[in-house]
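Next up, input-v9.cif (mmCIF, C-alpha atoms and all ligand atoms; chains and numbers go by the auth columns):
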data_work
#
loop_
_atom_site.group_PDB
_atom_site.id
_atom_site.type_symbol
_atom_site.label_atom_id
_atom_site.label_comp_id
_atom_site.label_asym_id
_atom_site.label_seq_id
_atom_site.Cartn_x
_atom_site.Cartn_y
_atom_site.Cartn_z
_atom_site.B_iso_or_equiv
_atom_site.auth_seq_id
_atom_site.auth_asym_id
ATOM 1 C CA MET A 1 -57.699 -33.915 54.349 0.00 235 A
ATOM 2 C CA PHE A 2 -59.739 -30.839 53.396 0.00 236 A
ATOM 3 C CA LEU A 3 -58.750 -27.360 54.498 0.00 237 A
ATOM 4 C CA LYS A 4 -61.397 -25.157 56.089 0.00 238 A
ATOM 5 C CA ARG A 5 -62.207 -22.068 53.979 0.00 239 A
ATOM 6 C CA GLU A 6 -60.341 -19.803 56.442 0.00 240 A
ATOM 7 C CA ASP A 7 -57.219 -22.013 56.368 0.00 241 A
ATOM 8 C CA LYS A 8 -57.264 -22.019 52.576 0.00 242 A
ATOM 9 C CA GLU A 9 -57.533 -18.209 52.491 0.00 243 A
ATOM 10 C CA MET A 10 -54.571 -17.932 54.856 0.00 244 A
ATOM 11 C CA SER A 11 -52.355 -20.359 52.976 0.00 245 A
ATOM 12 C CA ASP A 12 -53.050 -18.372 49.786 0.00 246 A
ATOM 13 C CA CYS A 13 -52.585 -14.985 51.412 0.00 247 A
ATOM 14 C CA LEU A 14 -49.366 -13.080 50.678 0.00 248 A
ATOM 15 C CA PHE A 15 -49.356 -11.164 53.971 0.00 249 A
ATOM 16 C CA CYS A 16 -50.124 -14.301 56.039 0.00 250 A
ATOM 17 C CA ARG A 17 -47.087 -15.858 54.360 0.00 251 A
ATOM 18 C CA ILE A 18 -45.009 -12.759 55.170 0.00 252 A
ATOM 19 C CA VAL A 19 -46.216 -12.841 58.803 0.00 253 A
ATOM 20 C CA ASN A 20 -45.272 -16.547 58.969 0.00 254 A
ATOM 21 C CA ARG A 21 -41.840 -15.763 57.457 0.00 255 A
ATOM 22 C CA GLU A 22 -42.522 -18.026 54.462 0.00 256 A
ATOM 23 C CA ILE A 23 -41.787 -14.970 52.303 0.00 257 A
ATOM 24 C CA PRO A 24 -38.959 -12.618 53.344 0.00 258 A
ATOM 25 C CA SER A 25 -39.616 -9.014 54.342 0.00 259 A
ATOM 26 C CA THR A 26 -37.763 -6.234 56.127 0.00 260 A
ATOM 27 C CA PRO A 27 -39.194 -5.996 59.646 0.00 261 A
ATOM 28 C CA VAL A 28 -39.822 -2.624 61.247 0.00 262 A
ATOM 29 C CA TYR A 29 -41.883 -3.549 64.316 0.00 263 A
ATOM 30 C CA GLU A 30 -43.505 -6.643 65.775 0.00 264 A
ATOM 31 C CA THR A 31 -45.710 -7.681 68.686 0.00 265 A
ATOM 32 C CA ASP A 32 -47.679 -10.858 69.283 0.00 266 A
ATOM 33 C CA LYS A 33 -50.617 -9.339 67.352 0.00 267 A
ATOM 34 C CA VAL A 34 -49.090 -6.973 64.777 0.00 268 A
ATOM 35 C CA TYR A 35 -46.300 -7.067 62.197 0.00 269 A
ATOM 36 C CA ALA A 36 -44.910 -4.069 60.301 0.00 270 A
ATOM 37 C CA PHE A 37 -42.485 -4.299 57.373 0.00 271 A
ATOM 38 C CA LEU A 38 -41.183 -2.180 54.492 0.00 272 A
ATOM 39 C CA ASP A 39 -43.329 -1.977 51.351 0.00 273 A
ATOM 40 C CA ILE A 40 -41.525 -3.667 48.458 0.00 274 A
ATOM 41 C CA GLU A 41 -42.339 -0.723 46.128 0.00 275 A
ATOM 42 C CA PRO A 42 -42.037 2.337 48.360 0.00 276 A
ATOM 43 C CA GLU A 43 -43.942 5.449 47.259 0.00 277 A
ATOM 44 C CA ALA A 44 -42.321 7.759 49.826 0.00 278 A
ATOM 45 C CA PRO A 45 -39.014 7.796 51.758 0.00 279 A
ATOM 46 C CA VAL A 46 -40.899 6.039 54.574 0.00 280 A
ATOM 47 C CA HIS A 47 -43.433 3.432 53.390 0.00 281 A
ATOM 48 C CA VAL A 48 -44.276 0.796 55.976 0.00 282 A
ATOM 49 C CA LEU A 49 -47.106 -1.755 55.889 0.00 283 A
ATOM 50 C CA ILE A 50 -48.760 -2.584 59.205 0.00 284 A
ATOM 51 C CA VAL A 51 -50.832 -5.759 59.385 0.00 285 A
ATOM 52 C CA PRO A 52 -52.643 -7.786 62.033 0.00 286 A
ATOM 53 C CA LYS A 53 -51.040 -11.227 62.365 0.00 287 A
ATOM 54 C CA GLN A 54 -54.538 -12.684 62.279 0.00 288 A
ATOM 55 C CA HIS A 55 -55.972 -12.938 58.756 0.00 289 A
ATOM 56 C CA ILE A 56 -58.650 -10.259 58.267 0.00 290 A
ATOM 57 C CA SER A 57 -59.400 -9.766 54.579 0.00 291 A
ATOM 58 C CA SER A 58 -60.173 -6.029 54.609 0.00 292 A
ATOM 59 C CA HIS A 59 -61.606 -3.190 56.667 0.00 293 A
ATOM 60 C CA ASN A 60 -65.065 -4.540 55.733 0.00 294 A
ATOM 61 C CA ALA A 61 -64.255 -7.755 57.610 0.00 295 A
ATOM 62 C CA LEU A 62 -63.705 -6.009 60.961 0.00 296 A
ATOM 63 C CA THR A 63 -66.301 -7.122 63.522 0.00 297 A
ATOM 64 C CA GLU A 64 -66.894 -6.939 67.272 0.00 298 A
ATOM 65 C CA ASP A 65 -64.887 -10.180 67.509 0.00 299 A
ATOM 66 C CA ASN A 66 -61.678 -8.990 65.835 0.00 300 A
ATOM 67 C CA VAL A 67 -61.702 -5.171 66.079 0.00 301 A
ATOM 68 C CA ASP A 68 -59.550 -5.135 69.240 0.00 302 A
ATOM 69 C CA VAL A 69 -56.496 -5.522 67.006 0.00 303 A
ATOM 70 C CA MET A 70 -57.091 -1.972 65.703 0.00 304 A
ATOM 71 C CA LYS A 71 -55.892 -0.679 69.069 0.00 305 A
ATOM 72 C CA ASP A 72 -52.648 -2.594 68.587 0.00 306 A
ATOM 73 C CA ILE A 73 -52.298 -1.289 65.035 0.00 307 A
ATOM 74 C CA HIS A 74 -52.691 2.342 66.084 0.00 308 A
ATOM 75 C CA LEU A 75 -50.294 1.966 69.006 0.00 309 A
ATOM 76 C CA ALA A 76 -47.853 0.278 66.607 0.00 310 A
ATOM 77 C CA VAL A 77 -48.063 3.330 64.321 0.00 311 A
ATOM 78 C CA ASN A 78 -47.032 5.614 67.184 0.00 312 A
ATOM 79 C CA GLU A 79 -44.080 3.399 68.088 0.00 313 A
ATOM 80 C CA ILE A 80 -42.953 3.113 64.459 0.00 314 A
ATOM 81 C CA VAL A 81 -43.085 6.852 63.734 0.00 315 A
ATOM 82 C CA LYS A 82 -41.000 7.530 66.841 0.00 316 A
ATOM 83 C CA LYS A 83 -38.521 4.836 65.854 0.00 317 A
ATOM 84 C CA LEU A 84 -38.224 6.225 62.306 0.00 318 A
ATOM 85 C CA GLY A 85 -38.058 9.862 63.487 0.00 319 A
ATOM 86 C CA ILE A 86 -41.185 11.134 61.690 0.00 320 A
ATOM 87 C CA SER A 87 -43.562 11.634 64.622 0.00 321 A
ATOM 88 C CA ASP A 88 -43.073 15.427 64.498 0.00 322 A
ATOM 89 C CA SER A 89 -42.564 15.909 60.741 0.00 323 A
ATOM 90 C CA GLY A 90 -45.797 13.993 60.111 0.00 324 A
ATOM 91 C CA TYR A 91 -47.118 11.104 58.095 0.00 325 A
ATOM 92 C CA ARG A 92 -50.213 9.673 56.439 0.00 326 A
ATOM 93 C CA LEU A 93 -51.970 6.427 57.311 0.00 327 A
ATOM 94 C CA ILE A 94 -53.879 4.847 54.421 0.00 328 A
ATOM 95 C CA ASN A 95 -56.151 1.831 54.176 0.00 329 A
ATOM 96 C CA ASN A 96 -57.380 0.599 50.808 0.00 330 A
ATOM 97 C CA CYS A 97 -60.620 -1.382 50.926 0.00 331 A
ATOM 98 C CA GLY A 98 -62.217 -2.937 47.859 0.00 332 A
ATOM 99 C CA PRO A 99 -62.094 -2.353 44.097 0.00 333 A
ATOM 100 C CA ASP A 100 -62.467 1.450 43.962 0.00 334 A
ATOM 101 C CA SER A 101 -59.553 1.845 46.377 0.00 335 A
ATOM 102 C CA GLY A 102 -57.239 -0.393 44.337 0.00 336 A
ATOM 103 C CA GLN A 103 -56.732 -2.883 47.178 0.00 337 A
ATOM 104 C CA THR A 104 -54.511 -5.628 45.772 0.00 338 A
ATOM 105 C CA VAL A 105 -53.693 -7.714 48.852 0.00 339 A
ATOM 106 C CA PHE A 106 -56.753 -9.024 50.684 0.00 340 A
ATOM 107 C CA HIS A 107 -55.281 -9.031 54.183 0.00 341 A
ATOM 108 C CA LEU A 108 -56.077 -5.856 56.145 0.00 342 A
ATOM 109 C CA HIS A 109 -53.113 -3.467 56.078 0.00 343 A
ATOM 110 C CA TYR A 110 -52.294 0.173 56.666 0.00 344 A
ATOM 111 C CA HIS A 111 -49.790 2.077 54.579 0.00 345 A
ATOM 112 C CA LEU A 112 -47.750 4.408 56.761 0.00 346 A
ATOM 113 C CA VAL A 113 -46.102 6.973 54.482 0.00 347 A
ATOM 114 C CA GLY A 114 -43.962 9.978 55.260 0.00 348 A
ATOM 115 C CA GLY A 115 -40.416 11.263 55.289 0.00 349 A
ATOM 116 C CA LYS A 116 -41.322 14.081 52.857 0.00 350 A
ATOM 117 C CA SER A 117 -44.099 16.650 52.475 0.00 351 A
ATOM 118 C CA LEU A 118 -47.142 14.820 51.116 0.00 352 A
ATOM 119 C CA GLY A 119 -49.066 17.958 50.216 0.00 353 A
ATOM 120 C CA THR A 120 -52.504 19.030 51.362 0.00 354 A
ATOM 121 C CA LYS A 121 -54.652 16.871 49.088 0.00 355 A
ATOM 122 C CA ILE A 122 -55.713 13.376 50.102 0.00 356 A
ATOM 123 C CA LEU A 123 -55.646 12.070 46.517 0.00 357 A
HETATM 124 P P1 LIG B . -52.789 -2.375 48.496 0.00 401 A
HETATM 125 O O1 LIG B . -52.779 -1.873 47.081 0.00 401 A
HETATM 126 O O2 LIG B . -53.457 -3.719 48.616 0.00 401 A
HETATM 127 O O3 LIG B . -53.319 -1.371 49.473 0.00 401 A
HETATM 128 O O4 LIG B . -51.279 -2.505 48.905 0.00 401 A
HETATM 129 C C1 LIG B . -50.507 -3.649 48.784 0.00 401 A
HETATM 130 C C2 LIG B . -49.066 -3.219 48.976 0.00 401 A
HETATM 131 O O5 LIG B . -48.298 -4.382 49.174 0.00 401 A
HETATM 132 C C3 LIG B . -48.463 -2.473 47.786 0.00 401 A
HETATM 133 O O6 LIG B . -48.012 -1.177 48.199 0.00 401 A
HETATM 134 C C4 LIG B . -47.305 -3.363 47.351 0.00 401 A
HETATM 135 O O7 LIG B . -46.171 -2.638 46.943 0.00 401 A
HETATM 136 C C5 LIG B . -47.043 -4.188 48.584 0.00 401 A
HETATM 137 N N1 LIG B . -46.508 -5.514 48.296 0.00 401 A
HETATM 138 C C6 LIG B . -46.963 -6.378 47.353 0.00 401 A
HETATM 139 N N2 LIG B . -46.252 -7.524 47.393 0.00 401 A
HETATM 140 C C7 LIG B . -45.330 -7.362 48.390 0.00 401 A
HETATM 141 C C8 LIG B . -44.298 -8.212 48.908 0.00 401 A
HETATM 142 O O8 LIG B . -44.091 -9.343 48.472 0.00 401 A
HETATM 143 N N3 LIG B . -43.549 -7.707 49.925 0.00 401 A
HETATM 144 C C9 LIG B . -43.757 -6.461 50.441 0.00 401 A
HETATM 145 N N4 LIG B . -42.946 -6.083 51.440 0.00 401 A
HETATM 146 N N5 LIG B . -44.719 -5.638 49.970 0.00 401 A
HETATM 147 C C10 LIG B . -45.497 -6.084 48.967 0.00 401 A
HETATM 148 ZN ZN ZN B . -53.789 -13.117 55.375 0.00 402 A
#

What is this file in structure tokens?
Amino acid sequence: MFLKREDKEMSDCLFCRIVNREIPSTPVYETDKVYAFLDIEPEAPVHVLIVPKQHISSHNALTEDNVDVMKDIHLAVNEIVKKLGISDSGYRLINNCGPDSGQTVFHLHYHLVGGKSLGTKIL
């Protein structure tokens, strides 16, 4: 039995395995399309990763066929920041895409960071 390329990518993908609960994580928020969990190496008091449950390798892989999930991701952000009490203090939403960004996990994800002043510079 041969796996299709997509199935192989998913079985190898860390965040697909986290979504499927094959690897443990600390859940923050979940719907049928989106999962959010704590980053294992937090870089701020609040550091949550928000991922589509569907495997999408990066921002570059968004298309007309799968982009609807971005609505769910952004609505998830607003629910999470309310839940964690940082909607008024503020936060930063970061997506790394490709080598120059330092993307290490090739399943689309947004870093939601906050809980302290992050300064005025992006980098
Ligand atoms: P990237 O550099 O691809 O934008 O971010 C990947 C993020 O995933 C990093 O912030 C890293 O700490 C986090 N990460 C890597 N492995 C795991 C893991 O097994 N569990 C969790 N919760 N986060 C992880
Ligand atoms: Zn994946």

Self-check item: Pick from A:Ser245, A:Ser321, A:Gln288, A:Asn330, whichever lies nearest to ligand LIG 401 (chain A) using all atoms listed in the file
Solution: A:Asn330

Can you sort out the box for segment 255-264 of chain A, edges along x, y and z, all listed atoms in, 6 Å on every side, with centre and edge lengths in Å to one decimal, as JSON?
{"center_x": -40.6, "center_y": -10.3, "center_z": 59.0, "size_x": 17.7, "size_y": 27.4, "size_z": 25.5}

I want to know what sits within 9 Å of Leu272 of chain A, based on only C-alpha atoms, with residues of the same chain fewer than 3 positions away left out; could you give that as a JSON list (two decimals) with C-alpha atoms, keeping the file's coordinate frame?
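Dumped to selection27.json:
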[["chain", "number", "residue", "atom", "x", "y", "z"],
["A", 259, "SER", "CA", -39.62, -9.01, 54.34],
["A", 260, "THR", "CA", -37.76, -6.23, 56.13],
["A", 261, "PRO", "CA", -39.19, -6.00, 59.65],
["A", 262, "VAL", "CA", -39.82, -2.62, 61.25],
["A", 275, "GLU", "CA", -42.34, -0.72, 46.13],
["A", 276, "PRO", "CA", -42.04, 2.34, 48.36],
["A", 280, "VAL", "CA", -40.90, 6.04, 54.57],
["A", 281, "HIS", "CA", -43.43, 3.43, 53.39],
["A", 282, "VAL", "CA", -44.28, 0.80, 55.98],
["A", 283, "LEU", "CA", -47.11, -1.76, 55.89],
["A", 284, "ILE", "CA", -48.76, -2.58, 59.20]]

Quiz item: If you measure from atom CA of Gly348 of chain A to atom CA of Thr297 of chain A, what distance in Å do you get, rounded to one decimal?
Solution: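 Distance reported for this atom pair: 29.3 Å.
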
Quiz item: Near Phe340 of chain A, within 12 Å and counting only C-alpha atoms, which residues show up once chain neighbours fewer than 5 positions away are dropped, as JSON, numbers by chain?
Solution: {"A": [243, 244, 246, 247, 248, 249, 250, 285, 289, 290, 291, 292, 293, 294, 295, 329, 330, 331, 332, 333]}

Practice problem: Would you list the contacts of Lys267 of chain A as number ranges by chain, taking every protein, DNA or RNA residue within 9 Å and counting all atoms listed in the file, but skipping same-chain residues closer than 2 positions in sequence? | Solution: A: 264-265, 269, 285-288, 303, 306-307
